[in-house]
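Asks: To be precise about what I am sending: the file is called start_39.cif and holds mmCIF, C-alpha atoms and all ligand atoms.
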```
data_input
#
loop_
_atom_site.label_atom_id
_atom_site.label_comp_id
_atom_site.auth_asym_id
_atom_site.auth_seq_id
_atom_site.Cartn_x
_atom_site.Cartn_y
_atom_site.Cartn_z
CA PRO A 224 -54.71 53.16 6.94
CA PRO A 225 -56.26 51.69 3.78
CA LEU A 226 -55.17 48.12 3.07
CA GLU A 227 -53.24 49.23 -0.05
CA GLU A 228 -50.78 51.00 2.23
CA ILE A 229 -49.86 47.78 4.03
CA LEU A 230 -46.57 46.62 2.56
CA SER A 231 -45.29 43.94 4.89
CA LEU A 232 -46.44 41.61 7.64
CA HIS A 233 -44.87 43.96 10.18
CA ASP A 234 -47.30 46.67 9.12
CA PHE A 235 -50.29 44.67 10.33
CA GLU A 236 -48.76 44.48 13.78
CA ALA A 237 -48.29 48.24 13.93
CA VAL A 238 -51.92 48.84 12.98
CA ALA A 239 -53.14 46.14 15.39
CA ARG A 240 -51.27 47.76 18.27
CA ARG A 241 -53.05 51.02 17.64
CA THR A 242 -56.54 49.71 16.88
CA MET A 243 -57.21 46.44 18.71
CA SER A 244 -58.98 46.26 22.06
CA ARG A 245 -56.49 46.26 24.92
CA ARG A 246 -57.58 42.82 25.95
CA GLY A 247 -57.14 41.41 22.45
CA TRP A 248 -53.79 43.09 21.89
CA ASN A 249 -52.46 41.99 25.27
CA TYR A 250 -53.50 38.40 24.67
CA TYR A 251 -52.13 38.15 21.13
CA SER A 252 -48.91 40.07 21.56
CA SER A 253 -47.76 38.76 24.90
CA GLY A 254 -44.90 36.35 25.48
CA ALA A 255 -43.70 34.59 28.60
CA ASP A 256 -41.88 36.45 31.39
CA ASP A 257 -39.44 38.96 29.89
CA GLU A 258 -40.30 37.95 26.31
CA ILE A 259 -36.67 37.11 25.55
CA THR A 260 -37.61 33.97 23.60
CA MET A 261 -40.40 35.78 21.79
CA ARG A 262 -37.94 38.37 20.46
CA GLU A 263 -35.23 35.80 19.80
CA ASN A 264 -37.58 33.77 17.59
CA HIS A 265 -37.48 36.57 15.07
CA ASN A 266 -33.96 37.83 15.76
CA ALA A 267 -32.42 34.42 15.05
CA TYR A 268 -33.38 34.87 11.39
CA HIS A 269 -31.14 37.94 11.29
CA ARG A 270 -28.08 35.77 11.92
CA LEU A 271 -28.54 33.61 8.83
CA TRP A 272 -27.23 34.97 5.56
CA PHE A 273 -27.86 33.78 2.06
CA ARG A 274 -25.37 32.42 -0.46
CA PRO A 275 -27.25 33.47 -3.61
CA ARG A 276 -26.55 31.82 -6.96
CA ILE A 277 -26.51 33.58 -10.32
CA LEU A 278 -27.40 32.85 -13.94
CA ARG A 279 -29.95 30.20 -13.15
CA ASN A 280 -32.92 31.02 -15.34
CA VAL A 281 -35.41 32.38 -12.89
CA GLY A 282 -37.84 33.48 -15.58
CA VAL A 283 -40.51 31.34 -14.02
CA VAL A 284 -40.52 30.89 -10.26
CA ASP A 285 -42.63 28.21 -8.55
CA PHE A 286 -42.90 28.31 -4.79
CA SER A 287 -45.60 25.68 -4.43
CA THR A 288 -44.85 22.64 -2.32
CA GLU A 289 -46.38 19.72 -0.47
CA ILE A 290 -47.03 19.63 3.23
CA LEU A 291 -47.53 16.10 4.60
CA GLY A 292 -48.44 15.11 1.07
CA TYR A 293 -50.99 17.90 0.55
CA LYS A 294 -50.52 20.64 -1.98
CA SER A 295 -49.83 24.12 -0.73
CA SER A 296 -49.20 27.24 -2.78
CA MET A 297 -46.18 28.07 -0.62
CA PRO A 298 -44.26 26.44 2.25
CA VAL A 299 -46.36 28.30 4.80
CA TYR A 300 -49.42 27.39 6.83
CA ILE A 301 -51.58 29.35 9.23
CA THR A 302 -50.82 27.92 12.64
CA ALA A 303 -53.27 27.54 15.51
CA THR A 304 -53.93 30.59 17.63
CA ALA A 305 -56.71 30.62 20.21
CA LEU A 306 -59.54 33.12 20.71
CA GLY A 307 -59.92 34.68 17.29
CA LYS A 308 -62.93 36.71 18.36
CA LEU A 309 -60.76 38.80 20.65
CA GLY A 310 -59.50 40.27 17.38
CA HIS A 311 -62.44 40.12 14.99
CA PRO A 312 -66.17 39.50 15.53
CA GLU A 313 -66.22 36.75 12.89
CA GLY A 314 -63.19 35.01 14.38
CA GLU A 315 -61.22 32.20 12.79
CA VAL A 316 -63.47 31.69 9.77
CA CYS A 317 -61.72 34.78 8.35
CA LEU A 318 -58.53 32.71 8.37
CA THR A 319 -60.30 29.71 6.83
CA ARG A 320 -61.66 31.73 3.93
CA ALA A 321 -58.45 33.59 3.24
CA ALA A 322 -56.57 30.27 3.34
CA ALA A 323 -58.95 28.97 0.68
CA GLU A 324 -58.34 31.99 -1.55
CA HIS A 325 -54.62 31.25 -1.51
CA ASN A 326 -54.50 27.44 -1.30
CA ILE A 327 -52.92 27.54 2.08
CA ILE A 328 -53.49 25.08 4.91
CA GLN A 329 -55.09 26.27 8.13
CA MET A 330 -54.49 24.56 11.45
CA ILE A 331 -57.71 24.68 13.47
CA PRO A 332 -57.08 25.46 17.15
CA THR A 333 -58.72 23.47 19.96
CA LEU A 334 -59.46 26.77 21.69
CA ALA A 335 -60.83 28.69 18.73
CA SER A 336 -63.63 31.17 19.29
CA CYS A 337 -65.56 29.74 16.35
CA SER A 338 -66.68 26.17 16.82
CA PHE A 339 -64.76 23.41 15.09
CA ASP A 340 -67.72 22.75 12.81
CA GLU A 341 -68.04 26.41 11.87
CA MET A 342 -64.44 26.36 10.67
CA VAL A 343 -64.89 23.13 8.72
CA ASP A 344 -68.16 24.39 7.24
CA ALA A 345 -66.46 27.64 6.18
CA ALA A 346 -63.92 25.70 4.12
CA SER A 347 -64.21 25.40 0.34
CA PRO A 348 -64.60 21.99 -1.27
CA GLY A 349 -61.28 20.19 -1.20
CA GLN A 350 -59.66 22.71 1.15
CA ILE A 351 -57.14 21.04 3.46
CA GLN A 352 -57.37 21.67 7.19
CA PHE A 353 -55.24 20.35 10.01
CA MET A 354 -56.13 20.46 13.67
CA GLN A 355 -54.20 21.45 16.77
CA LEU A 356 -55.01 19.36 19.83
CA TYR A 357 -54.73 20.17 23.50
CA VAL A 358 -55.07 16.90 25.36
CA ASN A 359 -57.72 17.05 28.05
CA SER A 360 -57.35 15.41 31.47
CA ASP A 361 -60.68 13.87 30.60
CA ARG A 362 -59.41 11.61 27.82
CA SER A 363 -62.90 10.72 26.61
CA ARG A 364 -63.38 14.37 25.58
CA THR A 365 -60.10 14.27 23.66
CA ASN A 366 -61.03 11.04 21.91
CA LYS A 367 -64.34 12.55 20.86
CA ILE A 368 -62.55 15.57 19.42
CA ILE A 369 -60.13 13.36 17.50
CA LEU A 370 -62.84 11.13 16.05
CA HIS A 371 -65.00 14.09 15.11
CA ALA A 372 -62.07 15.79 13.40
CA LYS A 373 -61.37 12.65 11.43
CA GLU A 374 -65.02 12.30 10.42
CA ARG A 375 -65.03 15.87 9.20
CA GLY A 376 -62.02 15.32 6.99
CA VAL A 377 -59.18 16.87 8.97
CA LYS A 378 -55.96 15.46 7.55
CA ALA A 379 -53.47 15.88 10.36
CA LEU A 380 -53.47 16.24 14.09
CA PHE A 381 -50.88 18.52 15.70
CA ILE A 382 -50.63 17.58 19.35
CA THR A 383 -49.34 20.51 21.38
CA VAL A 384 -46.63 19.27 23.74
CA ASP A 385 -45.08 22.50 25.00
CA ALA A 386 -47.90 23.58 27.26
CA PRO A 387 -48.40 21.27 30.27
CA GLN A 388 -49.12 24.56 31.97
CA LEU A 389 -49.67 27.85 30.23
CA GLY A 390 -46.74 30.23 30.46
CA ARG A 391 -46.89 33.39 32.50
CA ARG A 392 -47.77 36.25 30.21
CA GLU A 393 -47.89 39.28 32.37
CA LYS A 394 -49.23 41.65 29.76
CA ASP A 395 -52.18 39.33 29.33
CA MET A 396 -52.62 38.87 33.07
CA ARG A 397 -52.98 42.62 33.53
CA THR A 398 -56.19 42.63 31.55
CA LYS A 399 -58.87 40.93 33.49
CA PHE A 400 -60.65 38.38 31.47
CA GLU A 401 -64.38 38.79 31.45
CA GLY A 402 -65.35 35.30 30.28
CA THR A 403 -66.85 35.38 26.84
CA ALA A 404 -69.31 33.04 25.25
CA SER A 405 -66.63 31.99 22.82
CA ALA A 406 -64.20 30.86 25.47
CA GLN A 407 -66.93 28.91 27.18
CA GLN A 408 -67.75 27.25 23.92
CA ALA A 409 -64.14 26.24 23.47
CA THR A 410 -63.83 24.47 26.79
CA GLY A 411 -67.39 23.59 27.70
CA LYS A 412 -66.78 25.21 31.07
CA ASP A 413 -67.91 28.44 32.60
CA ASN A 414 -66.08 28.40 35.91
CA PHE A 415 -63.01 30.34 34.81
CA ARG A 416 -60.80 32.20 37.19
CA ARG A 417 -61.53 35.60 35.80
CA ASP A 418 -58.46 37.30 37.22
CA GLN A 419 -55.88 35.27 35.35
CA GLY A 420 -55.82 36.74 31.87
CA ALA A 421 -57.37 35.13 28.85
CA ALA A 422 -54.78 32.39 28.49
CA ARG A 423 -54.99 30.94 31.97
CA ALA A 424 -58.73 31.30 32.08
CA ILE A 425 -59.32 28.94 29.20
CA SER A 426 -56.53 26.43 29.58
CA SER A 427 -57.11 24.74 32.92
CA PHE A 428 -58.31 21.52 31.28
CA ILE A 429 -54.93 20.75 29.66
CA ASP A 430 -53.46 17.54 31.10
CA PRO A 431 -50.01 18.13 32.62
CA SER A 432 -49.51 14.40 33.14
CA LEU A 433 -49.44 13.75 29.39
CA ASN A 434 -46.32 11.71 28.56
CA TRP A 435 -44.73 9.49 25.91
CA THR A 436 -46.68 6.41 27.01
CA ASP A 437 -49.97 8.20 26.20
CA LEU A 438 -48.91 8.77 22.63
CA GLY A 439 -49.81 5.31 21.37
CA GLU A 440 -53.41 5.67 22.42
CA LEU A 441 -53.73 9.10 20.83
CA MET A 442 -52.17 7.82 17.62
CA GLU A 443 -54.52 4.87 17.62
CA ALA A 444 -57.53 7.18 17.92
CA ALA A 445 -56.09 9.37 15.18
CA LYS A 446 -55.44 6.49 12.78
CA GLY A 447 -55.97 7.71 9.24
CA MET A 448 -54.75 11.19 10.09
CA LYS A 449 -51.12 12.20 10.26
CA VAL A 450 -49.85 12.86 13.77
CA ILE A 451 -47.33 15.59 14.48
CA LEU A 452 -45.96 16.81 17.80
CA LYS A 453 -46.10 20.60 18.06
CA GLY A 454 -43.63 22.20 20.41
CA VAL A 455 -40.51 20.03 20.14
CA GLN A 456 -37.44 21.94 21.33
CA CYS A 457 -34.41 19.68 20.95
CA TRP A 458 -33.14 16.95 18.61
CA GLU A 459 -33.50 14.18 21.19
CA ASP A 460 -37.26 14.66 21.35
CA ALA A 461 -37.53 14.92 17.57
CA VAL A 462 -35.77 11.57 17.27
CA ARG A 463 -38.03 10.09 19.92
CA ALA A 464 -41.11 11.34 18.04
CA ALA A 465 -39.84 9.71 14.86
CA GLU A 466 -39.12 6.47 16.70
CA ALA A 467 -42.63 6.57 18.15
CA GLY A 468 -44.03 6.63 14.63
CA CYS A 469 -45.12 10.26 14.39
CA ASP A 470 -45.24 11.82 10.95
CA GLY A 471 -43.39 14.93 11.94
CA VAL A 472 -42.62 17.58 14.53
CA VAL A 473 -43.07 21.30 14.78
CA LEU A 474 -40.01 22.93 16.28
CA SER A 475 -41.75 25.60 18.27
CA ASN A 476 -41.75 27.38 21.59
CA HIS A 477 -45.35 28.50 21.16
CA GLY A 478 -44.35 31.90 19.86
CA GLY A 479 -42.33 32.61 23.00
CA ARG A 480 -45.39 32.24 25.18
CA GLN A 481 -44.25 29.28 27.29
CA LEU A 482 -40.72 28.77 28.64
CA ASP A 483 -38.74 31.98 28.45
CA PHE A 484 -35.18 31.24 27.27
CA ALA A 485 -36.36 28.30 25.22
CA PRO A 486 -34.23 28.41 22.07
CA SER A 487 -35.48 29.77 18.79
CA PRO A 488 -36.70 27.00 16.49
CA LEU A 489 -34.35 28.18 13.77
CA ALA A 490 -31.32 27.75 16.01
CA ILE A 491 -32.11 24.10 16.74
CA LEU A 492 -33.24 23.19 13.22
CA PRO A 493 -29.79 22.13 11.89
CA SER A 494 -29.18 19.76 14.81
CA VAL A 495 -32.65 18.25 14.46
CA VAL A 496 -32.23 17.69 10.74
CA SER A 497 -28.84 16.06 11.11
CA ALA A 498 -29.98 13.83 13.99
CA LEU A 499 -32.95 12.61 11.95
CA GLN A 500 -30.96 12.18 8.77
CA SER A 501 -28.21 10.19 10.41
CA ARG A 502 -30.85 7.82 11.82
CA GLY A 503 -32.52 7.39 8.45
CA PHE A 504 -35.75 9.19 9.28
CA MET A 505 -35.39 11.77 6.54
CA SER A 506 -34.17 11.25 3.07
CA ARG A 507 -31.19 13.37 2.16
CA HIS A 508 -33.28 15.48 -0.16
CA PRO A 509 -35.69 17.79 1.63
CA SER A 510 -38.30 17.45 -1.10
CA GLN A 511 -38.74 13.73 -0.37
CA PRO A 512 -38.92 13.50 3.40
CA LYS A 513 -40.27 10.54 5.29
CA PHE A 514 -40.56 12.53 8.44
CA GLU A 515 -41.36 16.21 8.18
CA ILE A 516 -40.00 19.06 10.19
CA PHE A 517 -41.89 22.29 10.62
CA VAL A 518 -40.88 25.41 12.44
CA ASP A 519 -42.88 28.32 13.76
CA GLY A 520 -42.15 31.49 15.67
CA GLY A 521 -41.04 34.89 14.48
CA VAL A 522 -41.50 34.26 10.76
CA ARG A 523 -42.36 37.58 9.15
CA ARG A 524 -40.83 37.48 5.66
CA ALA A 525 -40.53 35.04 2.80
CA THR A 526 -36.76 35.27 3.31
CA ASP A 527 -37.31 33.83 6.80
CA VAL A 528 -39.27 30.95 5.30
CA LEU A 529 -36.61 30.35 2.64
CA LYS A 530 -33.94 30.11 5.33
CA ALA A 531 -35.90 27.49 7.27
CA VAL A 532 -36.67 25.51 4.12
CA ALA A 533 -33.03 25.65 3.02
CA LEU A 534 -32.07 24.07 6.35
CA GLY A 535 -34.56 21.22 5.92
CA ALA A 536 -37.97 22.38 7.10
CA THR A 537 -40.94 21.34 4.96
CA ALA A 538 -42.85 24.49 5.81
CA VAL A 539 -43.28 27.11 8.49
CA GLY A 540 -46.25 28.16 10.58
CA ILE A 541 -47.20 31.79 10.92
CA GLY A 542 -49.21 32.90 13.94
CA ARG A 543 -49.41 36.49 15.08
CA PRO A 544 -49.14 38.22 11.69
CA MET A 545 -52.24 36.32 10.53
CA ILE A 546 -54.35 37.26 13.54
CA TYR A 547 -53.13 40.86 13.43
CA ALA A 548 -54.18 40.98 9.77
CA MET A 549 -57.52 39.43 10.72
CA SER A 550 -58.04 41.83 13.61
CA THR A 551 -57.37 44.90 11.53
CA TYR A 552 -58.88 44.10 8.12
CA GLY A 553 -60.74 40.79 8.51
CA GLN A 554 -60.57 38.15 5.80
CA GLU A 555 -59.29 40.72 3.30
CA GLY A 556 -56.40 41.52 5.58
CA VAL A 557 -55.40 37.87 5.93
CA SER A 558 -55.68 37.45 2.20
CA LYS A 559 -53.43 40.48 1.70
CA ALA A 560 -50.90 39.10 4.17
CA LEU A 561 -50.72 35.86 2.20
CA GLN A 562 -50.41 37.79 -1.08
CA ILE A 563 -47.55 39.84 0.37
CA LEU A 564 -45.75 36.60 1.22
CA LYS A 565 -46.31 35.26 -2.29
CA ASP A 566 -44.92 38.42 -3.83
CA GLU A 567 -41.93 38.23 -1.53
CA PHE A 568 -41.36 34.58 -2.48
CA GLU A 569 -41.39 35.34 -6.14
CA MET A 570 -38.90 38.16 -5.92
CA ASN A 571 -36.58 36.61 -3.37
CA MET A 572 -36.39 33.24 -5.10
CA ARG A 573 -35.35 35.05 -8.26
CA LEU A 574 -32.68 36.97 -6.41
CA LEU A 575 -31.54 33.82 -4.66
CA GLY A 576 -31.28 31.86 -7.91
CA ALA A 577 -33.80 29.23 -6.88
CA PRO A 578 -36.60 28.71 -9.41
CA THR A 579 -38.36 26.01 -7.35
CA MET A 580 -38.51 24.99 -3.71
CA ALA A 581 -36.34 21.97 -4.53
CA ASP A 582 -33.59 24.43 -5.44
CA VAL A 583 -33.65 25.93 -1.97
CA VAL A 584 -30.88 23.79 -0.48
CA PRO A 585 -28.59 23.95 2.57
CA SER A 586 -25.71 25.43 0.59
CA MET A 587 -27.82 28.55 0.00
CA VAL A 588 -27.48 29.68 3.59
CA ASP A 589 -24.48 30.56 5.66
CA THR A 590 -25.14 29.37 9.21
CA SER A 591 -21.78 30.37 10.65
CA ALA A 592 -23.25 33.26 12.66
CA LEU A 593 -26.34 31.36 13.82
CA HIS A 594 -24.82 30.44 17.17
CA ALA A 595 -22.57 33.45 17.48
CA PRO A 596 -22.75 35.31 20.80
C1 LIG A 601 -50.73 30.73 20.04
N1 LIG A 601 -50.19 29.47 19.87
C2 LIG A 601 -50.96 28.36 20.15
N2 LIG A 601 -50.45 27.12 19.94
C3 LIG A 601 -51.20 26.03 20.21
O1 LIG A 601 -50.72 24.91 20.01
N3 LIG A 601 -52.47 26.16 20.68
C4 LIG A 601 -53.05 27.36 20.91
O2 LIG A 601 -54.19 27.45 21.34
C5 LIG A 601 -52.27 28.52 20.64
N4 LIG A 601 -52.77 29.76 20.86
C6 LIG A 601 -52.04 30.87 20.55
C7 LIG A 601 -52.60 32.12 20.71
C8 LIG A 601 -51.88 33.25 20.35
C9 LIG A 601 -52.51 34.59 20.50
C10 LIG A 601 -50.58 33.12 19.83
C11 LIG A 601 -49.80 34.32 19.40
C12 LIG A 601 -50.02 31.89 19.68
C13 LIG A 601 -48.83 29.29 19.32
C14 LIG A 601 -48.84 29.29 17.80
O3 LIG A 601 -49.41 28.12 17.29
C15 LIG A 601 -47.41 29.40 17.23
O4 LIG A 601 -46.58 28.45 17.85
C16 LIG A 601 -46.83 30.81 17.38
O5 LIG A 601 -47.83 31.75 17.27
C17 LIG A 601 -45.77 31.06 16.35
O6 LIG A 601 -45.15 32.28 16.58
P1 LIG A 601 -45.55 33.66 15.83
O7 LIG A 601 -45.73 33.37 14.36
O8 LIG A 601 -46.80 34.14 16.49
O9 LIG A 601 -44.37 34.51 16.13
#
```
Taking this structure as input, can you express it in the form of structure tokens?
Replies:
Amino acid sequence: PPLEEILSLHDFEAVARRTMSRRGWNYYSSGADDEITMRENHNAYHRLWFRPRILRNVGVVDFSTEILGYKSSMPVYITATALGKLGHPEGEVCLTRAAAEHNIIQMIPTLASCSFDEMVDAASPGQIQFMQLYVNSDRSRTNKIILHAKERGVKALFITVDAPQLGRREKDMRTKFEGTASAQQATGKDNFRRDQGAARAISSFIDPSLNWTDLGELMEAAKGMKVILKGVQCWEDAVRAAEAGCDGVVLSNHGGRQLDFAPSPLAILPSVVSALQSRGFMSRHPSQPKFEIFVDGGVRRATDVLKAVALGATAVGIGRPMIYAMSTYGQEGVSKALQILKDEFEMNMRLLGAPTMADVVPSMVDTSALHAP
């Protein structure tokens, strides 16, 4: 259908299912095992209800915010997703350019199809980019990546900590991966097991021995960039990350692609916020945090984002909807997806009685059903 007929982020998924290559669709859409966590990521948002406020002068609504101190037009960033060229021949630079159009931050994936430099070169002057890091067993390769990212102006490093081994995504495994030039570029290897699906084929370099004692060295190499752990799944680890001096955590289960029955990030958010607040790692007011909490997984509407922000998240990452938009309509599709979110923000903040992001506070959501059976 023409792009004008796309009304929500869900619509991109429906078009992607019908039009993407099988291999691309199976890689993007798959979750681990029975995909219970993948579905729960989104479903958890259905158990949070708003407590809207009235008569608050919502003539002008401003949904801009700061993420790790960098301006963003809304509390949303494009999270890292590997292998963009499985969806679109131009790959991740479509995301970079659409992010620029909307003043949104893009997280560059270690395993992108485009090279790191292509994505940095595609950015507009002043555009903020973060980078997602998979830590290599060969630590000298990782250090090189970190230093190069810093040299090229990347502002924050998101170290993925939920993937010591890639989850079992059976849909993906059913499509045999015929190694592509792009995957080889991402890993510098060409000896993939070609019968394992795209995910396994490209991920064998990830170091499963990575542990808390390695963090200091990575943070040292990353000095000057913010360091965030991506894939934290309980409050104890969020506290430990804060104690270790990280700048934040992403509550994430990798879009349900790793441990099935990992909890939805939304469900653990309140416990993480209260554990950090009680230990003095976050100021009481979410707009002035010392330590920032992000969530990703299953976010499809601005109302989802508003719920997470109300509970204390700085911003949320969006994965699949962005690459479905890219796969179906290229840069224009991604741009449209971001515009849809902006339109949703404007309307829903009015209806919620919150003219700015600082007005989106915990008392605006009713969490009593969040942990209901
Ligand atoms: C991912 N994700 C991911 N995360 C990461 O740290 N490194 C990576 O290379 C990838 N690759 C990747 C590929 C694909 C196809 C998907 C769908 C996801 C996880 C991603 O950053 C994020 O956690 C989820 O995508 C968020 O869930 P939604 O928005 O896709 O539901």
Asks: Name all residues at most 8 Å from segment 517-531 of chain A (count all atoms listed in the file; drop same-chain ones fewer than 6 positions away) and give them as an NGL selection string.
Replies: :A and (231-233 or 261-266 or 268 or 271 or 273 or 298-299 or 471-479 or 487-489 or 492 or 537-542 or 544 or 564-565 or 567-568 or 571 or 583 or 588)
Asks: Would you save the residues from that selection as a PDB file, keeping the file's coordinate frame, using C-alpha atoms?
Replies:
```pdb
ATOM      1  CA  SER A 231     -45.290  43.940   4.890  1.00  0.00           C
ATOM      2  CA  LEU A 232     -46.440  41.610   7.640  1.00  0.00           C
ATOM      3  CA  HIS A 233     -44.870  43.960  10.180  1.00  0.00           C
ATOM      4  CA  MET A 261     -40.400  35.780  21.790  1.00  0.00           C
ATOM      5  CA  ARG A 262     -37.940  38.370  20.460  1.00  0.00           C
ATOM      6  CA  GLU A 263     -35.230  35.800  19.800  1.00  0.00           C
ATOM      7  CA  ASN A 264     -37.580  33.770  17.590  1.00  0.00           C
ATOM      8  CA  HIS A 265     -37.480  36.570  15.070  1.00  0.00           C
ATOM      9  CA  ASN A 266     -33.960  37.830  15.760  1.00  0.00           C
ATOM     10  CA  TYR A 268     -33.380  34.870  11.390  1.00  0.00           C
ATOM     11  CA  LEU A 271     -28.540  33.610   8.830  1.00  0.00           C
ATOM     12  CA  PHE A 273     -27.860  33.780   2.060  1.00  0.00           C
ATOM     13  CA  PRO A 298     -44.260  26.440   2.250  1.00  0.00           C
ATOM     14  CA  VAL A 299     -46.360  28.300   4.800  1.00  0.00           C
ATOM     15  CA  GLY A 471     -43.390  14.930  11.940  1.00  0.00           C
ATOM     16  CA  VAL A 472     -42.620  17.580  14.530  1.00  0.00           C
ATOM     17  CA  VAL A 473     -43.070  21.300  14.780  1.00  0.00           C
ATOM     18  CA  LEU A 474     -40.010  22.930  16.280  1.00  0.00           C
ATOM     19  CA  SER A 475     -41.750  25.600  18.270  1.00  0.00           C
ATOM     20  CA  ASN A 476     -41.750  27.380  21.590  1.00  0.00           C
ATOM     21  CA  HIS A 477     -45.350  28.500  21.160  1.00  0.00           C
ATOM     22  CA  GLY A 478     -44.350  31.900  19.860  1.00  0.00           C
ATOM     23  CA  GLY A 479     -42.330  32.610  23.000  1.00  0.00           C
ATOM     24  CA  SER A 487     -35.480  29.770  18.790  1.00  0.00           C
ATOM     25  CA  PRO A 488     -36.700  27.000  16.490  1.00  0.00           C
ATOM     26  CA  LEU A 489     -34.350  28.180  13.770  1.00  0.00           C
ATOM     27  CA  LEU A 492     -33.240  23.190  13.220  1.00  0.00           C
ATOM     28  CA  THR A 537     -40.940  21.340   4.960  1.00  0.00           C
ATOM     29  CA  ALA A 538     -42.850  24.490   5.810  1.00  0.00           C
ATOM     30  CA  VAL A 539     -43.280  27.110   8.490  1.00  0.00           C
ATOM     31  CA  GLY A 540     -46.250  28.160  10.580  1.00  0.00           C
ATOM     32  CA  ILE A 541     -47.200  31.790  10.920  1.00  0.00           C
ATOM     33  CA  GLY A 542     -49.210  32.900  13.940  1.00  0.00           C
ATOM     34  CA  PRO A 544     -49.140  38.220  11.690  1.00  0.00           C
ATOM     35  CA  LEU A 564     -45.750  36.600   1.220  1.00  0.00           C
ATOM     36  CA  LYS A 565     -46.310  35.260  -2.290  1.00  0.00           C
ATOM     37  CA  GLU A 567     -41.930  38.230  -1.530  1.00  0.00           C
ATOM     38  CA  PHE A 568     -41.360  34.580  -2.480  1.00  0.00           C
ATOM     39  CA  ASN A 571     -36.580  36.610  -3.370  1.00  0.00           C
ATOM     40  CA  VAL A 583     -33.650  25.930  -1.970  1.00  0.00           C
ATOM     41  CA  VAL A 588     -27.480  29.680   3.590  1.00  0.00           C
TER      42      VAL A 588
END
```
Asks: Considering all atoms listed in the file, can you say which of A:Met396, A:Cys337, A:Met330, A:Ile351 comes closest to ligand LIG 601 (chain A)?
Replies: A:Met330
Asks: Kindly indicate which residue among A:Glu569, A:Leu291, A:Pro348, A:Ala379 lies nearest to Lys513 of chain A, using only C-alpha atoms for the distances.
Replies: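 Looking only at the distances to Lys513 of chain A, the closest residue turns out to be A:Leu291.
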Asks: For segment 242-251 of chain A, list every protein, DNA or RNA residue within 6 Å, evaluated using all atoms listed in the file, and leave out those in the same chain fewer than 6 positions away; present the list as a VMD selection string.
Replies: chain A and resid 309 to 310 394 to 395 398
Asks: For the selection you just gave me, I'd like the residues written to a file as a PDB file, keeping the file's coordinate frame, keeping C-alpha atoms.
Replies:
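Written output follows (result_3.pdb):
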```
ATOM      1  CA  LEU A 309     -60.760  38.800  20.650  1.00  0.00           C
ATOM      2  CA  GLY A 310     -59.500  40.270  17.380  1.00  0.00           C
ATOM      3  CA  LYS A 394     -49.230  41.650  29.760  1.00  0.00           C
ATOM      4  CA  ASP A 395     -52.180  39.330  29.330  1.00  0.00           C
ATOM      5  CA  THR A 398     -56.190  42.630  31.550  1.00  0.00           C
TER       6      THR A 398
END
```
Asks: Counting only C-alpha atoms, what is within 10 Å of segment 387-389 of chain A, bar same-chain residues fewer than 6 positions away, as a compact mmCIF listing (two decimals) with C-alpha atoms, in the frame of the given file?
Replies:
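Saved result, part.txt, follows:
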```txt
# COMPACT_ATOMS: atom_id res chain seq x y z
CA ALA A 255 -43.70 34.59 28.60
CA TYR A 357 -54.73 20.17 23.50
CA VAL A 358 -55.07 16.90 25.36
CA ALA A 422 -54.78 32.39 28.49
CA ARG A 423 -54.99 30.94 31.97
CA ALA A 424 -58.73 31.30 32.08
CA ILE A 425 -59.32 28.94 29.20
CA SER A 426 -56.53 26.43 29.58
CA SER A 427 -57.11 24.74 32.92
CA PHE A 428 -58.31 21.52 31.28
CA ILE A 429 -54.93 20.75 29.66
CA ASP A 430 -53.46 17.54 31.10
CA PRO A 431 -50.01 18.13 32.62
CA SER A 432 -49.51 14.40 33.14
CA LEU A 433 -49.44 13.75 29.39
CA ASN A 434 -46.32 11.71 28.56
CA ARG A 480 -45.39 32.24 25.18
CA GLN A 481 -44.25 29.28 27.29
CA LEU A 482 -40.72 28.77 28.64
```
Asks: Restricting the calculation to only C-alpha atoms and all ligand atoms, which member of A:Gly556, A:Gly282, A:Gly447, A:Gly454 is positioned closest to ligand LIG 601 (chain A)?
Replies: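 Among the listed residues, A:Gly454 lies closest to ligand LIG 601 (chain A).
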Asks: Counting only C-alpha atoms, which residues have an atom no more than 10 Å from (-59.3, 19.0, 10.9) in the file's coordinates? Please list them as a PyMOL selection string.
Replies: chain A and resi 329-332+339-340+342-343+351-356+368-369+371-381+448
Asks: Mind listing whatever residues come within 12 Å of the point (-70.6, 27.9, 10.6)? Use only C-alpha atoms, file coordinates, and give them as a ChimeraX atom specification.
Replies: /A:313-317,319-320,336-346
Asks: Which one is closest to ligand LIG 601 (chain A): A:Lys449, A:Lys308, A:Arg362, A:Arg397? Count all atoms listed in the file.
Replies: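 Going through A:Lys449, A:Lys308, A:Arg362, A:Arg397 one by one, the smallest distance to ligand LIG 601 (chain A) is for A:Lys308.
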Asks: Which one is closest to Met442 of chain A: A:Gly468, A:Pro312, A:Gly307, A:Gly420? Count only C-alpha atoms.
Replies: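 With only C-alpha atoms as the atom set, the closest residue is A:Gly468.
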Asks: Between A:Leu318, A:Asp234, A:Ala498, A:Leu370, which is the closest to Thr302 of chain A once you count all atoms listed in the file?
Replies: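 The closest residue to Thr302 of chain A is A:Leu318.
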Asks: Write out as a VMD selection string the residues lying within 12 Å of Glu555 of chain A, counting all atoms listed in the file and excluding same-chain residues fewer than 5 positions away.
Replies: chain A and resid 225 to 227 229 316 to 322 324 to 325 545 to 550 560 to 562
Asks: To one decimal place, how far is atom CA of Thr260 of chain A from atom CA of Ala465 of chain A in Å?
Replies: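 The value is 25.9 Å.
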Asks: For segment 456-464 of chain A, work out the shell of residues within 6 Å, counting only C-alpha atoms and skipping chain neighbours fewer than 2 positions away, then give it as a list in words.
Replies: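 The residues that qualify are Glu466, Ala467, Cys469, Leu474 and Val495 of chain A.
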